[in-house]
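As stored in work-v7.tsv (TSV, C-alpha atoms and all ligand atoms):
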```
chain	number	residue	atom	x	y	z
D	2	MET	CA	2.21	16.71	14.26
D	3	ARG	CA	0.78	18.25	11.05
D	4	LYS	CA	-2.51	20.11	11.07
D	5	ARG	CA	-5.17	17.81	9.62
D	6	LEU	CA	-6.39	19.58	6.51
D	7	VAL	CA	-8.43	16.67	5.17
D	8	ARG	CA	-10.89	14.73	7.33
D	9	LYS	CA	-10.32	10.98	7.39
D	10	LEU	CA	-13.96	10.36	6.52
D	11	ASP	CA	-13.67	12.61	3.44
D	12	LEU	CA	-10.52	10.79	2.37
D	13	LYS	CA	-12.28	7.41	2.74
D	14	ILE	CA	-15.26	8.64	0.73
D	15	ALA	CA	-12.98	9.99	-2.02
D	16	LEU	CA	-11.02	6.72	-2.15
D	17	SER	CA	-14.19	4.67	-2.34
D	18	ASN	CA	-14.83	6.40	-5.70
D	19	VAL	CA	-11.79	4.72	-7.23
D	20	LYS	CA	-12.99	2.42	-10.05
D	21	PRO	CA	-11.94	-1.23	-9.81
D	22	HIS	CA	-9.57	-3.08	-12.13
D	23	PRO	CA	-11.61	-4.22	-15.19
D	24	SER	CA	-10.04	-7.71	-15.35
D	25	PRO	CA	-7.97	-8.57	-12.25
D	26	LYS	CA	-5.45	-11.38	-12.64
D	27	ALA	CA	-4.89	-13.93	-9.87
D	28	PHE	CA	-1.21	-14.52	-10.68
D	29	LEU	CA	-0.48	-10.81	-10.06
D	30	GLU	CA	-2.57	-10.89	-6.84
D	31	GLN	CA	-4.57	-7.89	-8.01
D	32	TYR	CA	-6.54	-7.28	-4.85
D	33	THR	CA	-7.38	-3.67	-4.14
D	34	ILE	CA	-6.68	-2.10	-0.76
D	35	THR	CA	-9.92	-1.11	1.01
D	36	PRO	CA	-10.66	2.62	1.37
D	37	GLU	CA	-10.54	2.11	5.17
D	38	VAL	CA	-7.05	0.57	5.26
D	39	ALA	CA	-5.79	3.05	2.65
D	40	ALA	CA	-7.12	6.01	4.66
D	41	ASP	CA	-5.67	4.68	7.94
D	42	LEU	CA	-2.25	4.16	6.36
D	43	LEU	CA	-2.24	7.53	4.60
D	44	TYR	CA	-3.47	9.43	7.63
D	45	LEU	CA	-0.78	7.91	9.81
D	46	ALA	CA	1.91	8.66	7.21
D	47	ALA	CA	0.69	12.23	6.66
D	48	TYR	CA	-0.28	13.45	10.08
D	49	SER	CA	1.67	11.32	12.59
D	50	HIS	CA	4.94	10.96	10.66
D	51	ASP	CA	4.87	13.91	8.22
D	52	ASP	CA	5.81	11.65	5.30
D	53	ILE	CA	3.26	12.79	2.68
D	54	ILE	CA	2.65	16.54	2.58
D	55	GLY	CA	5.13	18.20	0.20
D	56	LYS	CA	6.94	14.86	-0.38
D	57	THR	CA	7.66	12.71	-3.41
D	58	VAL	CA	5.71	9.52	-2.95
D	59	MET	CA	6.20	6.26	-4.83
D	60	ASP	CA	3.41	3.66	-4.88
D	61	LEU	CA	4.95	0.32	-5.90
D	62	GLY	CA	2.43	-2.07	-7.51
D	63	CYS	CA	-0.11	0.75	-7.59
D	64	GLY	CA	-3.00	-1.22	-9.11
D	65	THR	CA	-5.93	1.16	-9.56
D	66	GLY	CA	-4.03	3.89	-7.71
D	67	ARG	CA	-5.67	4.27	-4.32
D	68	LEU	CA	-2.47	4.91	-2.34
D	69	ALA	CA	-0.91	7.35	-4.83
D	70	ILE	CA	-4.20	9.18	-5.38
D	71	GLY	CA	-4.77	9.41	-1.63
D	72	SER	CA	-1.25	10.84	-1.19
D	73	ALA	CA	-1.97	13.49	-3.81
D	74	LEU	CA	-5.28	14.35	-2.12
D	75	LEU	CA	-3.44	14.82	1.19
D	76	GLY	CA	-0.87	17.17	-0.38
D	77	ALA	CA	2.06	15.15	-1.74
D	78	LYS	CA	4.32	17.19	-4.05
D	79	LYS	CA	4.18	14.34	-6.56
D	80	ALA	CA	2.81	10.80	-6.34
D	81	ILE	CA	4.03	8.19	-8.79
D	82	GLY	CA	2.33	4.84	-9.28
D	83	VAL	CA	4.11	1.89	-10.91
D	84	ASP	CA	2.49	-1.35	-12.01
D	85	ILE	CA	3.54	-4.14	-14.36
D	86	ASP	CA	0.01	-4.33	-15.78
D	87	SER	CA	-1.08	-1.66	-18.27
D	88	ALA	CA	-4.78	-2.25	-17.53
D	89	ALA	CA	-4.02	-1.27	-13.91
D	90	THR	CA	-2.12	1.93	-14.75
D	91	LYS	CA	-4.74	2.95	-17.35
D	92	THR	CA	-7.44	2.56	-14.70
D	93	ALA	CA	-5.30	4.48	-12.19
D	94	LEU	CA	-4.91	7.35	-14.68
D	95	LYS	CA	-8.70	7.49	-15.20
D	96	ASN	CA	-9.17	7.42	-11.43
D	97	ALA	CA	-6.67	10.27	-10.95
D	98	LYS	CA	-8.62	12.37	-13.49
D	99	ARG	CA	-11.89	11.48	-11.78
D	100	LEU	CA	-10.53	12.65	-8.42
D	101	ASN	CA	-8.87	15.79	-9.85
D	102	VAL	CA	-5.28	14.84	-9.05
D	103	ARG	CA	-4.06	14.20	-12.61
D	104	ASN	CA	-1.41	17.00	-12.33
D	105	LYS	CA	0.02	15.68	-9.08
D	106	THR	CA	0.30	12.06	-10.22
D	107	GLN	CA	2.25	10.03	-12.75
D	108	TRP	CA	1.57	6.43	-13.82
D	109	ILE	CA	4.26	4.12	-15.15
D	110	THR	CA	3.76	0.65	-16.60
D	111	THR	CA	6.85	-1.39	-15.77
D	112	ASN	CA	8.30	-4.03	-13.50
D	113	ILE	CA	9.26	-2.48	-10.16
D	114	THR	CA	12.79	-3.89	-10.63
D	115	SER	CA	13.44	-1.22	-13.28
D	116	ILE	CA	12.65	1.67	-10.92
D	117	HIS	CA	15.65	3.59	-9.55
D	118	GLY	CA	16.04	6.86	-7.69
D	119	ASP	CA	15.47	8.34	-4.28
D	120	PHE	CA	11.97	9.01	-2.97
D	121	ASP	CA	10.88	10.56	0.31
D	122	THR	CA	8.22	7.95	0.88
D	123	VAL	CA	7.37	4.56	-0.60
D	124	LEU	CA	3.91	3.10	-0.04
D	125	GLN	CA	3.05	-0.43	-1.03
D	126	ASN	CA	0.39	-3.08	-0.83
D	127	PRO	CA	2.41	-5.71	-2.68
D	128	PRO	CA	1.44	-9.22	-3.76
D	129	PHE	CA	1.83	-11.26	-0.58
D	130	GLY	CA	3.58	-14.10	-2.41
D	131	VAL	CA	0.54	-16.40	-2.20
D	132	GLN	CA	0.46	-17.01	-5.98
D	133	ARG	CA	4.15	-16.52	-6.70
D	134	ARG	CA	6.48	-17.33	-3.83
D	135	LYS	CA	8.59	-14.48	-2.49
D	136	ALA	CA	6.84	-11.84	-4.68
D	137	ASP	CA	6.56	-9.66	-1.56
D	138	ARG	CA	10.32	-9.81	-0.89
D	139	LYS	CA	11.17	-8.34	-4.29
D	140	PHE	CA	8.89	-5.41	-3.41
D	141	LEU	CA	10.37	-4.91	0.02
D	142	GLU	CA	13.92	-4.97	-1.37
D	143	LYS	CA	13.03	-2.31	-3.95
D	144	ALA	CA	11.19	-0.15	-1.41
D	145	LEU	CA	14.16	-0.22	0.99
D	146	GLU	CA	16.52	0.62	-1.88
D	147	ILE	CA	14.64	3.70	-3.14
D	148	GLY	CA	12.68	5.02	-0.14
D	149	LYS	CA	13.73	7.03	2.90
D	150	HIS	CA	10.44	6.14	4.60
D	151	VAL	CA	8.56	2.97	3.71
D	152	TYR	CA	4.98	1.91	4.52
D	153	SER	CA	4.62	-1.72	3.53
D	154	LEU	CA	1.74	-4.15	4.03
D	155	HIS	CA	2.50	-7.82	4.69
D	156	LYS	CA	0.69	-11.03	5.35
D	157	SER	CA	0.28	-11.52	9.07
D	158	ASN	CA	1.08	-14.75	10.89
D	159	LYS	CA	-1.58	-14.09	13.56
D	160	ASP	CA	-4.07	-16.85	14.28
D	161	ARG	CA	-7.87	-16.81	14.02
D	162	ARG	CA	-8.34	-15.56	17.60
D	163	PHE	CA	-6.56	-12.37	16.60
D	164	LEU	CA	-8.96	-11.96	13.67
D	165	LYS	CA	-11.80	-11.70	16.21
D	166	THR	CA	-9.94	-8.91	18.04
D	167	LEU	CA	-9.47	-7.04	14.78
D	168	GLU	CA	-13.08	-7.48	13.72
D	169	LYS	CA	-14.17	-5.73	16.90
D	170	HIS	CA	-11.85	-2.83	16.04
D	171	ARG	CA	-12.64	-2.54	12.34
D	172	SER	CA	-10.26	-0.19	10.50
D	173	ARG	CA	-8.25	0.34	13.71
D	174	LEU	CA	-4.52	-0.17	13.74
D	175	ILE	CA	-3.30	-2.36	16.61
D	176	PRO	CA	0.43	-2.23	17.53
D	177	VAL	CA	2.12	-5.66	17.21
D	178	SER	CA	5.69	-7.03	17.16
D	179	PRO	CA	7.50	-7.45	13.84
D	180	SER	CA	8.11	-10.89	12.41
D	181	PRO	CA	11.69	-11.94	13.29
D	182	PHE	CA	12.27	-12.82	9.63
D	183	LEU	CA	11.19	-9.40	8.31
D	184	LYS	CA	13.12	-7.63	11.08
D	185	ARG	CA	16.37	-9.36	10.04
D	186	PHE	CA	15.59	-8.76	6.36
D	187	ILE	CA	14.98	-5.03	6.89
D	188	GLU	CA	18.05	-4.54	9.09
D	189	ARG	CA	20.25	-6.08	6.40
D	190	TYR	CA	19.37	-3.04	4.26
D	191	ASP	CA	20.48	-0.55	6.94
D	192	CYS	CA	16.89	0.32	7.69
D	193	GLU	CA	14.97	0.17	10.94
D	194	ILE	CA	11.40	-0.65	11.83
D	195	LYS	CA	9.68	2.27	13.57
D	196	ASP	CA	6.29	0.62	14.15
D	197	VAL	CA	4.22	-2.36	13.12
D	198	TYR	CA	0.42	-2.35	13.23
D	199	ALA	CA	-2.02	-5.15	12.55
D	200	THR	CA	-5.21	-4.33	10.73
D	201	LEU	CA	-8.00	-6.10	8.89
D	202	MET	CA	-8.12	-6.44	5.10
D	203	THR	CA	-11.32	-7.51	3.38
D	204	ILE	CA	-11.46	-8.57	-0.25
D	205	PRO	CA	-14.53	-9.40	-2.30
D	206	HIS	CA	-14.97	-12.58	-4.34
D	207	LEU	CA	-12.68	-11.97	-7.33
D	208	PHE	CA	-11.37	-15.28	-8.62
D	209	ASP	CA	-12.85	-18.76	-9.21
D	210	PHE	CA	-10.88	-20.28	-6.33
D	211	HIS	CA	-12.47	-17.86	-3.83
D	212	ARG	CA	-15.11	-19.70	-1.80
D	213	LYS	CA	-16.67	-16.83	0.14
D	214	ARG	CA	-18.42	-13.67	-1.00
D	215	ARG	CA	-15.98	-11.67	1.11
D	216	HIS	CA	-12.82	-12.74	2.84
D	217	SER	CA	-11.28	-10.92	5.82
D	218	PHE	CA	-7.79	-11.59	7.08
D	219	PRO	CA	-5.22	-9.84	9.29
D	220	ILE	CA	-2.35	-7.95	7.68
D	221	ASP	CA	0.58	-6.05	9.16
D	222	LEU	CA	1.63	-2.53	8.26
D	223	TYR	CA	5.38	-1.99	8.63
D	224	ILE	CA	6.65	1.57	9.01
D	225	ILE	CA	10.34	1.60	8.16
D	226	GLU	CA	13.01	4.28	8.03
D	227	ARG	CA	16.38	4.25	6.31
D	228	LYS	CA	19.20	4.84	8.82
D	229	GLU	CA	21.20	8.00	8.24
D	230	PRO	CA	24.73	7.15	7.00
I	1	LIG	C1	-2.15	-6.62	-4.08
I	1	LIG	S1	-2.20	-5.65	-5.56
I	1	LIG	C2	-2.28	-4.04	-4.86
I	1	LIG	C3	-2.77	-2.97	-5.78
I	1	LIG	C4	-2.84	-1.56	-5.16
I	1	LIG	N1	-1.56	-1.16	-4.61
I	1	LIG	C5	-3.88	-1.52	-4.07
I	1	LIG	O1	-3.48	-1.63	-2.91
I	1	LIG	O2	-5.06	-1.39	-4.37
I	1	LIG	C6	-0.50	-5.78	-6.12
I	1	LIG	C7	-0.21	-5.05	-7.42
I	1	LIG	O3	1.18	-5.26	-7.76
I	1	LIG	C8	1.30	-5.40	-9.17
I	1	LIG	N2	2.54	-6.14	-9.45
I	1	LIG	C9	2.80	-7.46	-9.21
I	1	LIG	N3	4.08	-7.74	-9.55
I	1	LIG	C10	4.63	-6.59	-10.01
I	1	LIG	C11	5.93	-6.23	-10.48
I	1	LIG	N4	6.91	-7.12	-10.54
I	1	LIG	N5	6.16	-4.95	-10.86
I	1	LIG	C12	5.15	-4.02	-10.80
I	1	LIG	N6	3.91	-4.30	-10.35
I	1	LIG	C13	3.65	-5.57	-9.96
I	1	LIG	C14	0.04	-6.13	-9.58
I	1	LIG	O4	-0.28	-5.95	-10.94
I	1	LIG	C15	-1.00	-5.53	-8.63
I	1	LIG	O5	-1.67	-4.45	-9.22
```
As a first step, turn the structure in this file into structure tokens.
Ligand SMILES: C[S@@+](CC[C@H](N)C(=O)[O-])C[C@H]1O[C@@H](n2cnc3c(N)ncnc32)[C@H](O)[C@@H]1O
Amino acid sequence: MRKRLVRKLDLKIALSNVKPHPSPKAFLEQYTITPEVAADLLYLAAYSHDDIIGKTVMDLGCGTGRLAIGSALLGAKKAIGVDIDSAATKTALKNAKRLNVRNKTQWITTNITSIHGDFDTVLQNPPFGVQRRKADRKFLEKALEIGKHVYSLHKSNKDRRFLKTLEKHRSRLIPVSPSPFLKRFIERYDCEIKDVYATLMTIPHLFDFHRKRRHSFPIDLYIIERKEP
């Protein structure tokens, strides 16, 4: 296990200084990961799995940049954020400057389908496919193609009782079983699931169709590794 050079609380505070998207679009599902979930994911990747410090990190669908910026703060060699929306990448660049990680980060405006290469670690909080069906699958396919280690957030199929359990353990990661569908999907790419954790995502009222001021729902974090040939 790596020595923890950055306190989780400090990481959360730094990530809470990330400025929001100026005009989020519903069809791109531009919800921002909370500082709590981002810090939990990054801490696990950095200090339990050694997948951040000194590594090249790709943040697919980076939005305002929280995951890439957090990777740079924890000591990634380089963190690259890709988003199809130029307003998102412009905001991410401003955020990287604000948090003094401009030199360690790069921001690219493009569709993830045009990204190729080999990256130590891919992090992603993709669209869950609520607005555009199967949007999440395109992300997972790309992550498994280009990443040796993948941290991917997905919609959970847990029921409301499980939400209560998560609410009691706010920002805690609870081990759960993978969805049989995602397990088969991931294994088809010669990759294996190391762990799956459920956690709680909370999003503020962003779009007209949102009824509540804040909405909390369970999500699953998949930690995946490419099998050695
Ligand atoms: C749920 S948001 C997550 C944003 C950011 N990763 C975060 O967690 O705060 C998904 C992001 O994926 C981007 N996106 C959607 N489809 C994309 C595509 N085909 N290629 C690149 N980015 C895409 C959206 O613009 C949006 O910023």
Exercise. Using only C-alpha atoms and all ligand atoms, what are the residues with an atom within 7 Å of ligand LIG 1 (chain I), set out as a ChimeraX atom specification?
Worked result: /D:29-34,60-68,83-86,89,111-114,125-128,136
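Interatomic distance, CA of Ala144 in chain D to CA of Phe120 in chain D: 9.3 Å.
Nearest to Thr166 in chain D of all the residues D:Gly118, D:Pro205, D:Gly130, D:Pro219 is D:Pro219, counting all atoms listed in the file.
The shortest atom-to-atom distance to Thr57 in chain D, with only C-alpha atoms taken into account, belongs to D:Leu124 out of D:Leu124, D:Leu141, D:Leu183, D:Ile116.
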For this session: Considering all atoms listed in the file, state which residue in the set D:Asp11, D:Asp221, D:Glu146, D:Glu226 is at the smallest distance from Leu42 in chain D.
Result: D:Asp221
For this session: Within 9 Å of Lys78 in chain D, counting only C-alpha atoms, which residues show up once you throw out same-chain ones fewer than 6 positions away? Write them as a PyMOL selection string, please.
Result: chain D and resi 53-58+72+105-106
Please write the residues from the selection above to a file, keeping C-alpha atoms, as a PDB file, keeping the file's coordinate frame.
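The resulting file, result19.pdb, is shown below:
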```pdb
ATOM      1  CA  ILE D  53       3.260  12.790   2.680  1.00  0.00           C
ATOM      2  CA  ILE D  54       2.650  16.540   2.580  1.00  0.00           C
ATOM      3  CA  GLY D  55       5.130  18.200   0.200  1.00  0.00           C
ATOM      4  CA  LYS D  56       6.940  14.860  -0.380  1.00  0.00           C
ATOM      5  CA  THR D  57       7.660  12.710  -3.410  1.00  0.00           C
ATOM      6  CA  VAL D  58       5.710   9.520  -2.950  1.00  0.00           C
ATOM      7  CA  SER D  72      -1.250  10.840  -1.190  1.00  0.00           C
ATOM      8  CA  LYS D 105       0.020  15.680  -9.080  1.00  0.00           C
ATOM      9  CA  THR D 106       0.300  12.060 -10.220  1.00  0.00           C
TER      10      THR D 106
END
```
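Residue nearest Arg133 in chain D within the list D:Ala97, D:Ala27, D:Leu43, D:Ile220: D:Ala27 [criterion: smallest interatomic distance, all atoms listed in the file].
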What residues have an atom no more than 7 Å from (9.7, 7.2, 11.2) in the file's own frame, counting all atoms listed in the file, and can you write them as an mmCIF file with C-alpha atoms, keeping the file's coordinate frame?
```cif
data_model
loop_
_atom_site.group_PDB
_atom_site.id
_atom_site.type_symbol
_atom_site.label_atom_id
_atom_site.label_comp_id
_atom_site.auth_asym_id
_atom_site.auth_seq_id
_atom_site.Cartn_x
_atom_site.Cartn_y
_atom_site.Cartn_z
ATOM 1 C CA HIS D 50 4.940 10.960 10.660
ATOM 2 C CA HIS D 150 10.440 6.140 4.600
ATOM 3 C CA LYS D 195 9.680 2.270 13.570
ATOM 4 C CA ILE D 224 6.650 1.570 9.010
ATOM 5 C CA ILE D 225 10.340 1.600 8.160
ATOM 6 C CA GLU D 226 13.010 4.280 8.030
#
```
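Atom pair CA of Pro25 in chain D / CA of Leu12 in chain D has a distance of 24.4 Å (rounded to one decimal).
Between CA of Asp160 in chain D and CA of Arg189 in chain D there is a distance of 27.7 Å.
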Mind checking which residues fall within 10 Å of Ile147 in chain D, counting only C-alpha atoms, ignoring those fewer than 5 positions away in the same chain, and posting them as a compact mmCIF listing (two decimals) with C-alpha atoms, in the frame of the given file?
```txt
# COMPACT_ATOMS: atom_id res chain seq x y z
CA MET D 59 6.20 6.26 -4.83
CA ILE D 116 12.65 1.67 -10.92
CA HIS D 117 15.65 3.59 -9.55
CA GLY D 118 16.04 6.86 -7.69
CA ASP D 119 15.47 8.34 -4.28
CA PHE D 120 11.97 9.01 -2.97
CA ASP D 121 10.88 10.56 0.31
CA THR D 122 8.22 7.95 0.88
CA VAL D 123 7.37 4.56 -0.60
CA GLU D 142 13.92 -4.97 -1.37
CA ARG D 227 16.38 4.25 6.31
```
Exercise. Contacts of Tyr48 in chain D at 12 Å or less, counting only C-alpha atoms, minus same-chain residues fewer than 2 places along, as a PyMOL selection string?
Worked result: chain D and resi 2-9+40-46+50-54+72+75-76
Problem set entry | Residue contacts of Lys159 in chain D (10 Å, all atoms listed in the file) excluding same-chain residues fewer than 2 positions away, as number ranges by chain | D: 156-157, 161-164, 177, 199, 218-221
Problem set entry | Non-local contacts of Ser178 in chain D (10 Å; all atoms listed in the file; under 6 positions in same chain excluded) as a list of chain:residue names |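 Close residues of Ser178 in chain D: D:Lys184, D:Asp196, D:Val197, D:Tyr198, D:Ala199, D:Asp221, D:Tyr223.
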